[in-house]
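Dropping entry15.txt in here (compact mmCIF, C-alpha atoms):
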```
# COMPACT_ATOMS: atom_id res chain seq x y z
CA MET A 741 0.00 0.00 0.00
CA ALA A 742 1.51 3.35 -1.02
CA ASN A 743 2.44 5.76 1.71
CA ALA A 744 1.73 9.46 1.75
CA ALA A 745 5.21 10.37 0.51
CA GLN A 746 4.90 8.13 -2.53
CA ILE A 747 1.46 9.45 -3.33
CA ASN A 748 2.63 13.05 -3.07
CA ALA A 749 5.60 12.28 -5.29
CA GLU A 750 3.35 10.82 -7.96
CA LEU A 751 0.97 13.75 -7.76
CA ALA A 752 3.85 16.20 -8.10
CA GLU A 753 5.16 14.34 -11.13
CA LEU A 754 1.76 14.40 -12.77
CA LYS A 755 1.50 18.13 -12.31
CA HIS A 756 5.05 18.90 -13.41
CA THR A 757 4.91 16.77 -16.52
CA GLN A 758 1.43 18.01 -17.33
CA ALA A 759 0.31 14.43 -17.72
CA TYR A 760 -2.96 15.29 -16.00
CA LYS A 761 -3.79 18.69 -17.40
CA LYS A 762 -2.14 21.11 -19.77
CA THR A 763 -3.07 24.32 -21.49
CA PHE A 764 -3.87 24.12 -25.15
CA ASP A 765 -4.51 26.65 -27.90
CA PHE A 766 -6.53 25.35 -30.80
CA THR A 767 -5.98 27.75 -33.70
CA ARG A 768 -7.27 27.88 -37.20
CA SER A 769 -7.28 30.43 -40.00
CA PHE A 770 -9.74 30.20 -42.82
CA VAL A 771 -11.13 32.30 -45.63
CA ALA A 772 -14.82 33.13 -45.70
CA LYS A 773 -15.43 33.36 -49.42
CA ALA A 774 -17.33 36.37 -50.72
CA ASN A 775 -21.04 35.82 -51.27
CA ALA A 776 -20.82 32.28 -49.95
CA ALA A 777 -21.91 30.20 -47.01
CA ASP A 778 -20.12 26.97 -46.16
CA THR A 779 -19.31 24.45 -43.46
CA PHE A 780 -16.04 22.69 -42.86
CA ALA A 781 -14.69 20.32 -40.26
CA VAL A 782 -11.48 20.63 -38.28
CA PRO A 783 -10.18 17.79 -36.08
CA ILE A 784 -9.23 19.11 -32.65
CA THR A 785 -6.89 16.70 -30.88
CA ASN A 786 -6.55 12.99 -30.04
CA GLU A 787 -4.44 13.69 -27.00
CA GLY A 788 -7.41 13.84 -24.70
CA PRO A 789 -10.67 15.71 -24.15
CA PHE A 790 -10.32 19.44 -24.79
CA LEU A 791 -12.05 21.75 -22.32
CA CYS A 792 -12.36 25.09 -24.08
CA THR A 793 -12.68 28.00 -21.65
CA GLY A 794 -12.87 30.80 -24.20
CA TYR A 795 -11.73 32.12 -27.49
CA ASN A 796 -10.02 34.90 -29.36
CA ILE A 797 -11.26 35.65 -32.88
CA ARG A 798 -9.94 38.20 -35.36
CA TYR A 799 -11.06 39.11 -38.84
CA THR A 800 -10.35 41.30 -41.82
CA LYS A 801 -12.64 44.06 -43.09
CA ASN A 802 -12.17 43.79 -46.83
CA SER A 803 -15.81 44.26 -47.81
CA THR A 804 -17.37 47.68 -48.22
CA MET A 805 -20.72 49.39 -48.04
CA ASP A 806 -21.36 52.52 -50.09
CA ARG A 807 -24.05 54.85 -48.81
CA SER A 808 -24.47 58.01 -50.87
CA GLY A 809 -20.80 58.09 -51.70
CA ASN A 810 -19.60 57.36 -48.16
CA VAL A 811 -17.70 54.09 -48.21
CA THR A 812 -17.43 52.02 -45.05
CA GLU A 813 -15.17 49.03 -44.57
CA LEU A 814 -16.83 46.15 -42.83
CA CYS A 815 -16.92 42.44 -42.29
CA ALA A 816 -20.37 40.96 -42.81
CA THR A 817 -19.35 37.39 -41.98
CA LYS A 818 -21.47 35.45 -39.53
CA LEU A 819 -20.24 32.37 -37.68
CA LYS A 820 -21.58 29.30 -36.02
CA PHE A 821 -19.60 26.60 -34.18
CA LYS A 822 -20.65 23.05 -33.48
CA SER A 823 -19.20 19.94 -31.86
CA GLN A 824 -19.56 16.91 -34.11
CA ALA A 825 -19.37 14.46 -31.22
CA ASP A 826 -22.35 15.74 -29.27
CA ASN A 827 -24.06 17.46 -32.18
CA SER A 828 -24.27 20.60 -30.07
CA ALA A 829 -24.06 24.07 -31.58
CA GLN A 830 -22.75 26.95 -29.52
CA SER A 831 -25.57 29.23 -30.60
CA ASN A 832 -29.09 28.93 -31.99
CA ASP A 833 -28.19 30.82 -35.14
CA TYR A 834 -25.34 32.58 -36.94
CA ILE A 835 -23.76 35.41 -34.99
CA PRO A 836 -22.02 38.39 -36.66
CA VAL A 837 -18.29 37.92 -36.13
CA GLN A 838 -17.97 41.53 -34.95
CA LEU A 839 -19.97 40.69 -31.86
CA ILE A 840 -17.92 37.76 -30.66
CA ALA A 841 -14.50 38.75 -31.93
CA THR A 842 -11.65 40.27 -30.01
CA PRO A 843 -9.66 43.34 -31.01
CA GLY A 844 -6.95 43.12 -33.62
CA GLU A 845 -6.41 41.92 -37.15
CA PRO A 846 -5.20 38.48 -38.28
CA ASP A 847 -1.51 37.89 -37.59
CA GLY A 848 -1.41 40.86 -35.26
CA SER A 849 -0.93 40.95 -31.49
CA ARG A 850 -3.35 38.72 -29.64
CA TYR A 851 -5.54 40.61 -27.22
CA GLY A 852 -8.72 39.84 -25.42
CA PHE A 853 -10.65 36.74 -24.56
CA ARG A 854 -14.34 35.90 -24.70
CA PRO A 855 -15.16 33.35 -21.97
CA PHE A 856 -16.94 30.39 -23.48
CA LEU A 857 -17.03 26.91 -21.98
CA HIS A 858 -17.43 23.75 -23.99
CA LEU A 859 -16.03 20.25 -23.51
CA TYR A 860 -14.95 18.56 -26.73
CA PRO A 861 -14.47 14.78 -26.26
CA LYS A 862 -11.21 13.17 -27.26
CA GLY A 863 -10.96 13.01 -31.02
CA ASP A 864 -13.82 15.43 -31.57
CA VAL A 865 -14.18 17.55 -34.67
CA LEU A 866 -15.11 21.23 -34.66
CA LEU A 867 -17.61 22.17 -37.35
CA ILE A 868 -17.24 25.79 -38.46
CA GLU A 869 -20.11 27.32 -40.40
CA TYR A 870 -19.80 30.73 -41.95
CA ASP A 871 -22.09 32.98 -43.94
CA ASN A 872 -20.42 35.79 -45.87
CA ARG A 873 -23.27 36.64 -48.15
CA GLN A 874 -24.28 40.19 -48.92
CA PRO A 875 -26.57 41.76 -46.27
CA GLN A 876 -29.84 43.34 -47.25
CA ALA A 877 -29.65 47.08 -47.78
CA LEU A 878 -30.47 48.91 -44.58
CA VAL A 879 -31.16 52.18 -46.38
CA PRO A 880 -32.41 52.10 -50.02
CA GLY A 881 -29.44 52.68 -52.25
CA ASP A 882 -26.87 51.03 -49.98
CA THR A 883 -24.43 49.10 -52.15
CA TYR A 884 -22.32 46.26 -50.76
CA THR A 885 -19.14 44.98 -52.35
CA MET A 886 -18.33 41.63 -50.79
CA GLN A 887 -14.79 40.31 -50.57
CA ASP A 888 -13.11 37.26 -49.11
CA GLU A 889 -12.45 37.68 -45.40
CA GLU A 890 -9.75 35.98 -43.37
CA ILE A 891 -10.93 34.77 -39.99
CA GLN A 892 -8.48 33.59 -37.31
CA ILE A 893 -9.82 31.69 -34.38
CA CYS A 894 -7.97 30.61 -31.26
CA PHE A 895 -9.89 28.41 -28.84
CA THR A 896 -7.96 28.25 -25.59
CA GLY A 897 -8.38 25.84 -22.74
CA TYR A 898 -7.03 22.59 -21.30
CA ILE A 899 -6.40 19.05 -22.44
CA PHE A 900 -6.77 16.22 -19.95
CA PRO A 901 -4.69 13.32 -21.33
CA MET A 902 -5.73 10.99 -18.53
CA ALA A 903 -9.44 11.53 -19.00
CA ASP A 904 -11.81 9.58 -21.19
CA MET B 972 -8.37 39.40 -12.21
CA LEU B 973 -11.99 39.86 -11.27
CA LYS B 974 -14.24 37.04 -12.29
CA THR B 975 -17.56 37.42 -14.00
CA TYR B 976 -20.47 35.28 -12.90
CA ASN B 977 -19.94 33.33 -16.10
CA GLU B 978 -16.42 32.33 -15.07
CA ALA B 979 -17.34 31.72 -11.46
CA LEU B 980 -20.13 29.42 -12.56
CA PHE B 981 -17.70 27.46 -14.75
CA GLU B 982 -15.55 26.67 -11.74
CA ARG B 983 -18.50 26.03 -9.47
CA PHE B 984 -20.20 23.58 -11.77
CA THR B 985 -17.09 21.88 -13.10
CA GLY B 986 -15.21 21.62 -9.81
CA LEU B 987 -11.96 22.10 -11.69
CA ASN B 988 -10.52 24.42 -9.09
CA ARG B 989 -10.25 21.70 -6.49
CA ASN B 990 -6.98 20.35 -7.90
CA SER B 991 -7.96 16.79 -7.28
CA VAL B 992 -6.17 14.10 -9.25
CA ILE B 993 -7.73 10.80 -10.20
CA LEU B 994 -5.17 8.09 -10.71
CA GLY B 995 -7.18 4.95 -11.04
CA ALA B 996 -8.23 3.75 -14.48
CA LYS B 997 -11.79 3.18 -13.31
CA GLN B 998 -12.19 6.81 -12.37
CA ARG B 999 -10.71 8.38 -15.46
CA ASN B 1000 -14.08 9.19 -16.91
CA GLN B 1001 -14.86 11.04 -13.71
CA ILE B 1002 -12.13 13.63 -14.28
CA LEU B 1003 -14.36 15.65 -16.53
CA SER B 1004 -17.69 14.08 -15.65
CA ARG B 1005 -19.06 17.34 -14.30
CA CYS B 1006 -17.74 19.31 -17.27
CA LYS B 1007 -19.89 17.13 -19.46
CA ASN B 1008 -22.92 18.64 -17.80
CA VAL B 1009 -22.06 22.30 -18.29
CA ARG B 1010 -21.54 24.33 -21.46
CA SER B 1011 -21.80 27.91 -22.65
CA ARG B 1012 -24.58 28.91 -24.97
CA ASP B 1013 -25.57 31.97 -27.02
CA TYR B 1014 -29.11 32.76 -28.12
CA ILE B 1015 -29.44 35.55 -30.65
CA VAL B 1016 -32.60 37.47 -31.55
CA LEU B 1017 -32.38 39.75 -34.56
CA PHE B 1018 -34.59 42.71 -35.47
CA ASP B 1019 -34.85 44.76 -38.65
CA SER B 1020 -35.84 48.00 -37.00
CA LEU B 1021 -37.35 49.03 -33.72
CA SER B 1022 -39.46 52.00 -32.84
CA VAL B 1023 -42.16 52.58 -30.28
CA GLY B 1024 -45.08 50.38 -31.23
CA ALA B 1025 -43.42 48.78 -34.27
CA GLY B 1026 -40.88 46.18 -35.18
CA ALA B 1027 -41.03 44.16 -31.97
CA VAL B 1028 -39.70 40.64 -32.27
CA ARG B 1029 -40.73 37.68 -30.15
CA ARG B 1030 -38.87 34.39 -30.17
CA SER B 1031 -39.43 31.20 -28.28
CA PHE B 1032 -36.49 29.02 -27.40
CA THR B 1033 -36.31 25.44 -26.25
CA THR B 1034 -33.06 24.02 -25.00
CA ALA B 1035 -31.80 20.56 -25.87
CA ALA B 1036 -33.50 17.84 -23.90
CA ASN B 1037 -32.61 17.86 -20.21
CA TRP B 1038 -30.61 21.08 -20.38
CA HIS B 1039 -31.45 24.31 -18.55
CA PHE B 1040 -30.31 27.75 -19.60
CA ILE B 1041 -28.90 30.21 -17.05
CA LEU B 1042 -28.57 33.72 -18.41
CA THR B 1043 -25.42 35.62 -17.38
CA ASN B 1044 -24.93 38.36 -19.98
CA ILE B 1045 -27.06 40.38 -22.36
CA SER B 1046 -25.55 42.25 -25.29
CA CYS B 1047 -27.68 44.52 -27.40
CA PHE B 1048 -26.42 45.94 -30.68
CA TRP B 1049 -27.92 48.01 -33.47
CA HIS B 1050 -26.84 49.99 -36.49
CA ASP B 1051 -27.38 53.63 -37.23
CA ASP B 1052 -29.26 54.05 -40.48
CA GLY B 1053 -28.73 57.77 -40.43
CA ALA B 1054 -32.32 58.48 -39.52
CA ALA B 1055 -32.35 56.93 -36.09
CA ILE B 1056 -33.11 59.32 -33.32
CA ALA B 1057 -30.73 59.01 -30.42
CA PRO B 1058 -32.91 58.51 -27.37
CA ASP B 1059 -32.58 60.71 -24.35
CA LYS B 1060 -32.75 57.79 -22.05
CA TYR B 1061 -31.49 54.25 -22.29
CA PRO B 1062 -31.92 51.55 -23.28
CA ILE B 1063 -33.28 51.56 -26.78
CA ALA B 1064 -34.29 47.94 -26.77
CA ARG B 1065 -36.19 46.31 -23.97
CA ILE B 1066 -35.73 42.63 -23.39
CA ASN B 1067 -38.78 41.07 -21.83
CA PHE B 1068 -39.01 37.50 -20.65
CA VAL B 1069 -42.59 36.47 -21.07
CA ASN B 1070 -44.03 34.53 -18.16
CA PHE B 1071 -40.86 35.04 -16.20
CA ALA B 1072 -40.37 37.73 -13.61
CA PRO B 1073 -36.86 38.06 -12.27
CA SER B 1074 -36.18 40.42 -9.45
CA SER B 1075 -33.98 43.37 -10.21
CA PRO B 1076 -30.23 42.74 -9.87
CA PHE B 1077 -30.21 45.30 -7.10
CA GLY B 1078 -32.78 43.53 -4.99
CA THR B 1079 -35.64 45.91 -5.54
CA GLU B 1080 -39.24 44.94 -6.18
CA VAL B 1081 -40.11 42.13 -8.52
CA ASN B 1082 -40.61 43.35 -12.05
CA LYS B 1083 -43.92 41.88 -13.11
CA MET B 1084 -43.25 42.46 -16.76
CA GLY B 1085 -40.12 40.37 -16.57
CA LYS B 1086 -38.10 43.14 -18.09
CA VAL B 1087 -34.36 43.16 -17.77
CA GLU B 1088 -33.16 46.68 -17.16
CA THR B 1089 -30.11 46.88 -19.34
CA ALA B 1090 -29.92 50.55 -18.46
CA LEU B 1091 -28.74 49.60 -14.99
CA VAL B 1092 -25.49 49.01 -16.44
CA PHE B 1093 -22.51 47.75 -17.18
CA GLY B 1094 -21.49 49.51 -20.32
CA ARG B 1095 -22.78 51.29 -23.37
CA GLU B 1096 -20.62 52.08 -26.32
CA ALA B 1097 -20.84 53.24 -29.89
CA PHE B 1098 -18.27 52.37 -32.51
CA GLN B 1099 -17.87 54.88 -35.27
CA ASP B 1100 -16.23 54.15 -38.58
CA LYS B 1101 -14.60 56.58 -41.01
CA SER B 1102 -17.87 57.51 -42.66
CA GLY B 1103 -19.54 58.36 -39.40
CA ASN B 1104 -21.77 55.29 -39.35
CA GLN B 1105 -22.15 53.86 -35.92
CA LEU B 1106 -22.65 50.42 -34.49
CA HIS B 1107 -24.17 50.86 -31.10
CA PHE B 1108 -23.72 48.38 -28.36
CA GLU B 1109 -24.73 48.00 -24.78
CA GLU B 1110 -24.33 45.19 -22.33
CA ALA B 1111 -25.57 43.94 -19.01
CA ALA B 1112 -23.25 41.47 -17.33
CA ASN B 1113 -23.00 39.39 -14.17
CA LEU B 1114 -26.63 38.31 -14.27
CA TYR B 1115 -27.99 35.04 -12.93
CA TYR B 1116 -31.42 34.13 -14.28
CA ASN B 1117 -32.35 30.46 -14.55
CA LEU B 1118 -34.65 30.56 -17.55
CA GLY B 1119 -35.16 26.81 -17.61
CA GLN B 1120 -35.84 24.73 -20.68
CA ARG B 1121 -38.36 26.91 -22.47
CA PHE B 1122 -38.42 30.68 -22.50
CA ASP B 1123 -39.92 33.45 -24.56
CA VAL B 1124 -38.05 36.63 -25.35
CA LEU B 1125 -39.74 39.82 -26.53
CA VAL B 1126 -37.53 42.60 -27.86
CA ASP B 1127 -39.23 45.96 -28.39
CA ALA B 1128 -38.35 49.63 -28.30
CA GLU B 1129 -38.13 51.62 -25.11
CA GLU B 1130 -39.94 54.93 -24.89
CA ASN B 1131 -38.43 57.36 -27.41
CA GLY B 1132 -36.22 54.58 -28.64
CA GLN B 1133 -35.53 53.84 -32.26
CA ALA B 1134 -32.95 51.50 -33.71
CA ALA B 1135 -32.09 50.05 -37.09
CA ARG B 1136 -31.09 46.47 -37.75
CA GLY B 1137 -29.54 44.81 -34.81
CA GLY B 1138 -30.16 42.19 -32.25
CA VAL B 1139 -29.82 40.88 -28.79
CA ILE B 1140 -27.41 38.14 -27.69
CA LEU B 1141 -28.34 36.25 -24.60
CA GLN B 1142 -25.22 34.55 -23.29
CA GLY B 1143 -25.18 32.11 -20.48
CA ILE B 1144 -24.48 28.55 -19.53
CA GLU B 1145 -26.54 25.43 -19.99
CA VAL B 1146 -26.64 22.94 -17.17
CA SER B 1147 -27.94 19.42 -17.45
CA ASN B 1148 -30.57 17.84 -15.21
CA GLU B 1149 -27.85 15.72 -13.72
CA ALA B 1150 -25.83 18.72 -12.59
CA LEU B 1151 -28.88 20.39 -11.08
CA LYS B 1152 -29.87 17.26 -9.21
CA SER B 1153 -26.40 16.92 -7.76
CA GLY B 1154 -27.19 19.95 -5.64
CA GLU B 1155 -24.22 21.94 -6.90
CA VAL B 1156 -26.29 24.98 -7.71
CA PHE B 1157 -26.16 28.39 -6.11
```
structure tokens encoding of this file:
Amino acid sequence: MANAAQINAELAELKHTQAYKKTFDFTRSFVAKANAADTFAVPITNEGPFLCTGYNIRYTKNSTMDRSGNVTELCATKLKFKSQADNSAQSNDYIPVQLIATPGEPDGSRYGFRPFLHLYPKGDVLLIEYDNRQPQALVPGDTYTMQDEEIQICFTGYIFPMAD
Amino acid sequence: MLKTYNEALFERFTGLNRNSVILGAKQRNQILSRCKNVRSRDYIVLFDSLSVGAGAVRRSFTTAANWHFILTNISCFWHDDGAAIAPDKYPIARINFVNFAPSSPFGTEVNKMGKVETALVFGREAFQDKSGNQLHFEEAANLYYNLGQRFDVLVDAEENGQAARGGVILQGIEVSNEALKSGEVF
């Protein structure tokens, strides 16, 4: 029967080697094609279940809206995330990326964090759905010019290699 | 770093802050067993335009079977179509929970209309681009409303309020029946 010293030594080793729990950044860049909506799947990790605690998302603003000669740069992309394993979406509908993104442009300094908890089982696949189609004109005469947008996501959290 | 209710609830429901280590093979699936019963969730309600007496949107939501939704944050956003009249008082959009009457976050009398006072807030901002167009945004955070498995949301304009195309995001966490029955709820 193990004594307290042996147990503590094993616990310390687990923590120091991160065999029990380690931080993990799941990152992915993709292009939301202009005037398109699509879904694609990205395998997360086979190392263990991934507990996502939040994310950092950045995007480009290559599209424009012209209102009476005033041109505004914008990103009209909407996103939806889903776990393939439990068939659970993170939202009931698409959400404009501007509302869930964090400051900064792709490849720039990482800043900010939107808390969001989701457990992805070992070997799970993240389904990313985007909609980058032209919005309806808010004011008659509004003209949209849609372009491809680069979206960078970073889901941060922990992997538990010893968990099932 | 100060924690929001959202983050505090994560730790409370998942028990991950207890630093316990499971070594036995039989208990491996217990490491994250409580995490399997908690997840974040966004519900979004969009509107084309809001003004007093017009444009109100009502949506009914049902969670996945055996999951309950606890609301922790409300974000309201809307665009400026150039003709919108900036209201003298906030908020522009009212978020009403039909058949649900939470008490005010500050412990005052029960609001029979089930209206969440986003004006008692927590932040209101407007983002202006080069052309002067504005995306308005306001937020109420650190809420705790257990809306259950079925809830109705009515979004309409506050007195003198007017807004063009926007929406409301209800953010919170979903908790399974199993987690609620375990008694780990506060």
Two-atom distance - atom CA of A:Lys761, atom CA of A:Thr793 (Å): 13.6 Å
message: Nearest residue to chain A out of B:Val1023, B:Leu1151, B:Leu1118, B:Leu1141, using only C-alpha atoms?
response: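 Comparing B:Val1023, B:Leu1151, B:Leu1118, B:Leu1141 against chain A, the winner is B:Leu1141.
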- prompt: Excluding same-chain residues fewer than 2 positions from B:Ser1020, what lies within 6 Å of it counting only C-alpha atoms, as JSON, numbers by chain?
  reply: {"B": [1018, 1026, 1134, 1135, 1136]}
Using all atoms listed in the file, list the residues that have an atom at most 10 Å from (-5.0, 41.3, -23.7), coordinates as in the file, as a tab-separated table (two decimals) with C-alpha atoms, keeping the file's coordinate frame.
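Below is the file point.tsv, written as the result:
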```tsv
chain	number	residue	atom	x	y	z
A	796	ASN	CA	-10.02	34.90	-29.36
A	842	THR	CA	-11.65	40.27	-30.01
A	843	PRO	CA	-9.66	43.34	-31.01
A	849	SER	CA	-0.93	40.95	-31.49
A	850	ARG	CA	-3.35	38.72	-29.64
A	851	TYR	CA	-5.54	40.61	-27.22
A	852	GLY	CA	-8.72	39.84	-25.42
A	853	PHE	CA	-10.65	36.74	-24.56
```
Would you list the contacts of stretch 804-819 of chain A as a CSV table (one decimal) with C-alpha atoms, in the frame of the given file, taking every protein, DNA or RNA residue within 8 Å and counting only C-alpha atoms, but skipping same-chain residues closer than 3 positions in sequence?
```csv
chain,number,residue,atom,x,y,z
A,772,ALA,CA,-14.8,33.1,-45.7
A,799,TYR,CA,-11.1,39.1,-38.8
A,800,THR,CA,-10.4,41.3,-41.8
A,801,LYS,CA,-12.6,44.1,-43.1
A,834,TYR,CA,-25.3,32.6,-36.9
A,835,ILE,CA,-23.8,35.4,-35.0
A,836,PRO,CA,-22.0,38.4,-36.7
A,837,VAL,CA,-18.3,37.9,-36.1
A,838,GLN,CA,-18.0,41.5,-35.0
A,868,ILE,CA,-17.2,25.8,-38.5
A,869,GLU,CA,-20.1,27.3,-40.4
A,870,TYR,CA,-19.8,30.7,-42.0
A,871,ASP,CA,-22.1,33.0,-43.9
A,872,ASN,CA,-20.4,35.8,-45.9
A,873,ARG,CA,-23.3,36.6,-48.2
A,874,GLN,CA,-24.3,40.2,-48.9
A,875,PRO,CA,-26.6,41.8,-46.3
A,879,VAL,CA,-31.2,52.2,-46.4
A,881,GLY,CA,-29.4,52.7,-52.2
A,882,ASP,CA,-26.9,51.0,-50.0
A,883,THR,CA,-24.4,49.1,-52.2
A,884,TYR,CA,-22.3,46.3,-50.8
A,885,THR,CA,-19.1,45.0,-52.4
A,886,MET,CA,-18.3,41.6,-50.8
A,889,GLU,CA,-12.4,37.7,-45.4
B,1100,ASP,CA,-16.2,54.2,-38.6
B,1101,LYS,CA,-14.6,56.6,-41.0
B,1102,SER,CA,-17.9,57.5,-42.7
B,1104,ASN,CA,-21.8,55.3,-39.4
```
query: Which residue gives the smallest distance to chain A among B:Arg1010, B:Arg1121, B:Arg1005, B:His1039, with only C-alpha atoms counted?
result: B:Arg1010
Compute the set of chain A residues within 7 Å of chain B, using all atoms listed in the file, and express it as a PDB file with C-alpha atoms, in the frame of the given file.
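Full text of result.pdb as output:
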```pdb
ATOM      1  CA  ASN A 810     -19.600  57.360 -48.160  1.00  0.00           C
ATOM      2  CA  VAL A 811     -17.700  54.090 -48.210  1.00  0.00           C
ATOM      3  CA  THR A 812     -17.430  52.020 -45.050  1.00  0.00           C
ATOM      4  CA  GLN A 830     -22.750  26.950 -29.520  1.00  0.00           C
ATOM      5  CA  SER A 831     -25.570  29.230 -30.600  1.00  0.00           C
ATOM      6  CA  ASN A 832     -29.090  28.930 -31.990  1.00  0.00           C
ATOM      7  CA  ASP A 833     -28.190  30.820 -35.140  1.00  0.00           C
ATOM      8  CA  PHE A 856     -16.940  30.390 -23.480  1.00  0.00           C
ATOM      9  CA  LEU A 857     -17.030  26.910 -21.980  1.00  0.00           C
ATOM     10  CA  HIS A 858     -17.430  23.750 -23.990  1.00  0.00           C
ATOM     11  CA  LEU A 859     -16.030  20.250 -23.510  1.00  0.00           C
ATOM     12  CA  LEU A 878     -30.470  48.910 -44.580  1.00  0.00           C
ATOM     13  CA  VAL A 879     -31.160  52.180 -46.380  1.00  0.00           C
ATOM     14  CA  MET A 902      -5.730  10.990 -18.530  1.00  0.00           C
ATOM     15  CA  ALA A 903      -9.440  11.530 -19.000  1.00  0.00           C
ATOM     16  CA  ASP A 904     -11.810   9.580 -21.190  1.00  0.00           C
TER      17      ASP A 904
END
```
query: atom CA of A:Glu845 and atom CA of A:Ser823, how far apart in Å?
result: 26.0 Å
Edge lengths and centre in Å to one decimal, as AutoDock Vina command-line options, of the axis-aligned box that encloses all listed atoms of stretch 1135-1145 of chain B with 3 Å added on every side?
```
--center_x -28.3 --center_y 37.7 --center_z -28.6 --size_x 13.6 --size_y 30.6 --size_z 24.2
```
- request: Grab the atom CA of A:Ile797 to atom CA of A:Ile840 distance for me, in Å with one decimal place.
  value: 7.3 Å
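Residues in contact with A:Pro783 at up to 9 Å, not including ones fewer than 4 positions away on its chain and judged by all atoms listed in the file, are Gly863, Asp864, Val865, Leu866 and Leu867 of chain A.
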field: Which residue of A:Ser803, A:Phe821, A:Ile899, A:Ala829 approaches A:Asn775 most closely, using only C-alpha atoms
entry: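 Nearest to A:Asn775: A:Ser803.
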query: Closest to A:Cys894 among A:Tyr795, A:Phe764, A:Phe780, A:Phe790, using all atoms listed in the file?
result: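 Among the listed residues, the smallest separation from A:Cys894 belongs to A:Tyr795.
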